[in-house]
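Chemist: Input: one structure, supplied below.
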Amino acid sequence: MVEETGLHEMLAFLLEKDAGLAKSKARTLASYFDDLKTFVEVSKVDLLRLRGIRGRIIVRLSFEEIENILKVANSGYIDLSKGISLNYLSAIGRAFTKRQLDMINSLSLNDLSPNPFLIHTLNLKTPEELISINVFMVTTRSIVTSMGFFVENLLQASSPSVEKVSRSSGWDLVKTDKSGNKHWIQVKSGPNDMDKDQIVYWAQKIKEKITEGDKAYIGITYGKKSNKTITFNLMRQWIPEWEMRTLVGKELWDFVSDDPNYHSKLFKILTESAYQVLKHKSIYNEIDLCCERLVKIFISQYGTGTEGVLRYIDEIF
């Protein structure tokens, strides 16, 4: 039953993110398929005749939607030898990369909103300099902001024993082990994402879960406990037995998945999913192209060189 639920959840995600279906329609259509092979081998005729047990049409699809579904089914995105979990991870990685790519390709001069004080202070004298630094600032901020939900989705998809938790609880994930014990996890994207107040707060939350008979951790997605970061130094001071109450880097991923080599498999999957979106290019190449595009627009509106930069500042300030 767990495997079947995982199948339909994974296919719904795939149909929404890769085929572009609305979430509700993706969920309904996903329930039609019995396994990955059925989806990979689906035909246009099958999609036109989707009916339930009583003969009712399950979901009505437009011809464009059918073409998109068939394109995904035939894309090679799904590897039947990998099973549901690894294919789900691949879909999550692909969706994240696509989202960043779409963000970069849609950037406009208005999205950059260059700060005239920084232009002067950083001595940005040309449109090329002004645009490049601001594109990198905007894209970096967007990517970092997206990382939280991305790693939570990866962690949840790493094991059927892991579930997302209601935001009102404060926790991000809960893992139920084979003995029925619950392990609560507050996920942090990096090893320097917490200040003293946050650490003191989560030390108390961890204590509460232990008192209830459960286990609880702060999970940090990369790094090592030996790192001398501000966050780790604060944890040493404010979390009793901090090394037992934290899962850092490989510890977190291998604990969640119950696989001591899981992190290596995950990196391989994410590399493959990035290739499916970017081919042999990297996101840096796309950022570079975005800079070139916006520099041309800037020059067409304000001119070249220092004079163009000064005209821009006069207009916005």
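To be explicit about the labels: the chains of the structure tokens are called A, B, and onward in the order shown, and within each one the residues are counted from 1, while ligands get numbers from 1 in the order they are shown.
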Extract, using only C-alpha atoms, all DNA, RNA and protein residues at most 10 Å from A:Leu89, discarding same-chain residues fewer than 6 positions from it, and format them as an mmCIF file with C-alpha atoms, in the first residue's frame.

Modeler:
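Saved result, result_26.cif, follows:
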```cif
data_model
loop_
_atom_site.group_PDB
_atom_site.id
_atom_site.type_symbol
_atom_site.label_atom_id
_atom_site.label_comp_id
_atom_site.auth_asym_id
_atom_site.auth_seq_id
_atom_site.Cartn_x
_atom_site.Cartn_y
_atom_site.Cartn_z
ATOM 1 C CA MET A 10 5.363 10.584 -7.797
ATOM 2 C CA ALA A 95 11.562 20.628 -11.316
ATOM 3 C CA ASN A 153 10.930 17.502 -0.820
ATOM 4 C CA LEU A 154 14.085 15.467 -1.427
ATOM 5 C CA LEU A 155 14.157 14.245 2.164
ATOM 6 C CA GLN A 156 10.492 13.285 2.123
ATOM 7 C CA ALA A 157 10.916 11.363 -1.135
ATOM 8 C CA SER A 158 13.955 9.540 0.240
ATOM 9 C CA LEU A 266 21.332 11.140 -4.490
ATOM 10 C CA ILE A 269 20.417 11.314 -9.487
ATOM 11 C CA LEU A 270 20.560 15.113 -9.192
ATOM 12 C CA SER A 273 18.209 15.325 -13.635
#
```

Chemist: With a distance cut-off of 12 Å and only C-alpha atoms, select the neighbouring residues of A:His120, excluding the residue or stretch itself and same-chain residues fewer than 4 positions from it, and output the selection as a list in words.

Modeler: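 Near A:His120, the qualifying residues are Pro114, Asn115, Pro116, Leu124, Lys125, Thr126, Glu129, Leu130, Thr306, Val309, Leu310 and Ile313 of chain A.
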
Chemist: Restricting it to C-alpha atoms, dump the selection as an mmCIF file, in the first residue's frame.

Modeler:
```cif
data_model
loop_
_atom_site.group_PDB
_atom_site.id
_atom_site.type_symbol
_atom_site.label_atom_id
_atom_site.label_comp_id
_atom_site.auth_asym_id
_atom_site.auth_seq_id
_atom_site.Cartn_x
_atom_site.Cartn_y
_atom_site.Cartn_z
ATOM 1 C CA PRO A 114 19.940 48.292 -9.362
ATOM 2 C CA ASN A 115 20.729 50.388 -6.282
ATOM 3 C CA PRO A 116 22.330 53.742 -7.235
ATOM 4 C CA LEU A 124 30.254 50.082 -11.531
ATOM 5 C CA LYS A 125 31.099 52.155 -14.585
ATOM 6 C CA THR A 126 29.598 50.214 -17.492
ATOM 7 C CA GLU A 129 29.331 45.600 -14.862
ATOM 8 C CA LEU A 130 26.068 46.975 -13.527
ATOM 9 C CA THR A 306 29.685 55.438 -18.008
ATOM 10 C CA VAL A 309 25.029 54.250 -16.326
ATOM 11 C CA LEU A 310 24.692 57.922 -15.316
ATOM 12 C CA ILE A 313 20.816 56.783 -12.293
#
```

Chemist: Determine, counting only C-alpha atoms, which protein, DNA and RNA residues have an atom within 7 Å of an atom of A:Lys175; residues of the same chain fewer than 2 positions away are not included. Present the result as a PyMOL selection string.

Modeler: chain A and resi 161-163+173+177+182-184

Chemist: Write to file, as an mmCIF file, in the first residue's frame, the residues of the selection just made, with N, CA and C atoms.

Modeler:
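File again27.cif, as written:
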```cif
data_model
loop_
_atom_site.group_PDB
_atom_site.id
_atom_site.type_symbol
_atom_site.label_atom_id
_atom_site.label_comp_id
_atom_site.auth_asym_id
_atom_site.auth_seq_id
_atom_site.Cartn_x
_atom_site.Cartn_y
_atom_site.Cartn_z
ATOM 1 N N SER A 161 8.977 6.060 4.956
ATOM 2 C CA SER A 161 8.763 6.209 6.402
ATOM 3 C C SER A 161 8.837 7.666 6.848
ATOM 4 N N VAL A 162 9.050 8.570 5.893
ATOM 5 C CA VAL A 162 9.188 9.997 6.213
ATOM 6 C C VAL A 162 7.976 10.759 5.695
ATOM 7 N N GLU A 163 7.434 11.638 6.530
ATOM 8 C CA GLU A 163 6.285 12.444 6.145
ATOM 9 C C GLU A 163 6.537 13.907 6.468
ATOM 10 N N LEU A 173 9.669 17.524 9.244
ATOM 11 C CA LEU A 173 9.481 16.124 8.860
ATOM 12 C C LEU A 173 9.406 15.246 10.095
ATOM 13 N N ASP A 177 10.216 4.849 12.512
ATOM 14 C CA ASP A 177 11.073 3.693 12.231
ATOM 15 C C ASP A 177 10.302 2.389 12.330
ATOM 16 N N LYS A 182 8.958 7.605 16.702
ATOM 17 C CA LYS A 182 8.918 8.803 15.870
ATOM 18 C C LYS A 182 10.179 9.643 16.072
ATOM 19 N N HIS A 183 10.718 10.118 14.963
ATOM 20 C CA HIS A 183 11.911 10.965 14.967
ATOM 21 C C HIS A 183 11.551 12.275 14.254
ATOM 22 N N TRP A 184 11.470 13.357 15.012
ATOM 23 C CA TRP A 184 11.084 14.655 14.467
ATOM 24 C C TRP A 184 12.325 15.411 13.989
#
```

Chemist: Residues within 7 Å of stretch 31-36 of chain A, please, as a PyMOL selection string. Count only C-alpha atoms; anything in the same chain fewer than 5 positions from it doesn't count.

Modeler: chain A and resi 7-8+80

Chemist: For A:Ser85, which residue out of A:Asp197, A:Glu9, A:Glu208, A:Asp254 is the nearest one, using only C-alpha atoms?

Modeler: A:Glu9

Chemist: When DSSP is applied to the backbone of this structure, which of stretch 63-310 of chain A are assigned helix (DSSP H, G or I)? Write them out as a PyMOL selection string.

Modeler: chain A and resi 63-73+83-105+109-112+116-121+127-157+167-169+196-211+230-238+250-257+262-278+283-302+305-310

Chemist: With only C-alpha atoms as the atoms that count, which of A:Val165, A:Ile218, A:Leu122, A:Val135 lies nearest to A:Arg245?

Modeler: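 Answer, going by the shortest atom-to-atom distance: A:Ile218.
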
Chemist: Need the shell around A:Trp171: protein/DNA/RNA residues with any atom at most 10 Å away, counting only C-alpha atoms. Skip same-chain ones fewer than 2 positions apart. Format as a PDB file with C-alpha atoms, in the first residue's frame?

Modeler:
```
ATOM      1  CA  LYS A 164       5.960  16.204   6.029  1.00  0.00           C
ATOM      2  CA  VAL A 165       4.501  17.746   9.169  1.00  0.00           C
ATOM      3  CA  SER A 166       1.916  20.505   9.504  1.00  0.00           C
ATOM      4  CA  ARG A 167       3.625  23.904   9.534  1.00  0.00           C
ATOM      5  CA  SER A 168       1.731  24.798  12.705  1.00  0.00           C
ATOM      6  CA  SER A 169       3.749  22.165  14.609  1.00  0.00           C
ATOM      7  CA  LEU A 173       9.481  16.124   8.860  1.00  0.00           C
ATOM      8  CA  VAL A 174       8.796  13.070  10.981  1.00  0.00           C
ATOM      9  CA  TRP A 184      11.084  14.655  14.467  1.00  0.00           C
ATOM     10  CA  ILE A 185      13.349  16.757  12.245  1.00  0.00           C
ATOM     11  CA  GLN A 186      13.690  20.513  11.825  1.00  0.00           C
ATOM     12  CA  VAL A 187      15.487  20.981   8.497  1.00  0.00           C
ATOM     13  CA  TRP A 202      14.888  24.440  19.146  1.00  0.00           C
ATOM     14  CA  LYS A 205      11.443  21.945  21.316  1.00  0.00           C
ATOM     15  CA  ALA A 216      14.064  14.924  17.752  1.00  0.00           C
ATOM     16  CA  TYR A 217      16.851  16.550  15.783  1.00  0.00           C
ATOM     17  CA  ILE A 218      17.976  19.603  13.927  1.00  0.00           C
TER      18      ILE A 218
END
```

Chemist: Using only C-alpha atoms, find the one residue out of A:Leu107, A:Tyr88, A:Lys281, A:Arg141 that sits nearest to A:Gly6.

Modeler: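 With only C-alpha atoms as the atom set, the closest residue is A:Tyr88.
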
Chemist: Once DSSP has gone over the backbone, tell me which residues of stretch 97-281 of chain A are in strand (DSSP E), as a list in words.

Modeler: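 Secondary structure check on stretch 97-281 of chain A, strand (DSSP E): Val162, Glu163, Lys164, Leu173, Val174, Lys175, Thr176, Lys182, His183, Trp184, Ile185, Gln186, Val187, Lys188, Lys215, Ala216, Tyr217, Ile218, Gly219, Ile220, Thr246, Leu247 and Val248 of chain A.
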
Chemist: Could you jot down the atom CA of A:Tyr284 to atom CA of A:Lys296 separation for me, Å, one decimal place?

Modeler: 18.7 Å

Chemist: Between atom CA of A:Val42 and atom CA of A:Ile92, what is the distance, to one decimal in Å?

Modeler: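 We find that atom CA of A:Val42 and atom CA of A:Ile92 lie 22.0 Å from each other.
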
Chemist: Could you pull the residues within 8 Å of A:Ala73, counting only C-alpha atoms, minus those fewer than 3 positions along the same chain, as a ChimeraX atom specification?

Modeler: /A:39-42,69-70,76-78
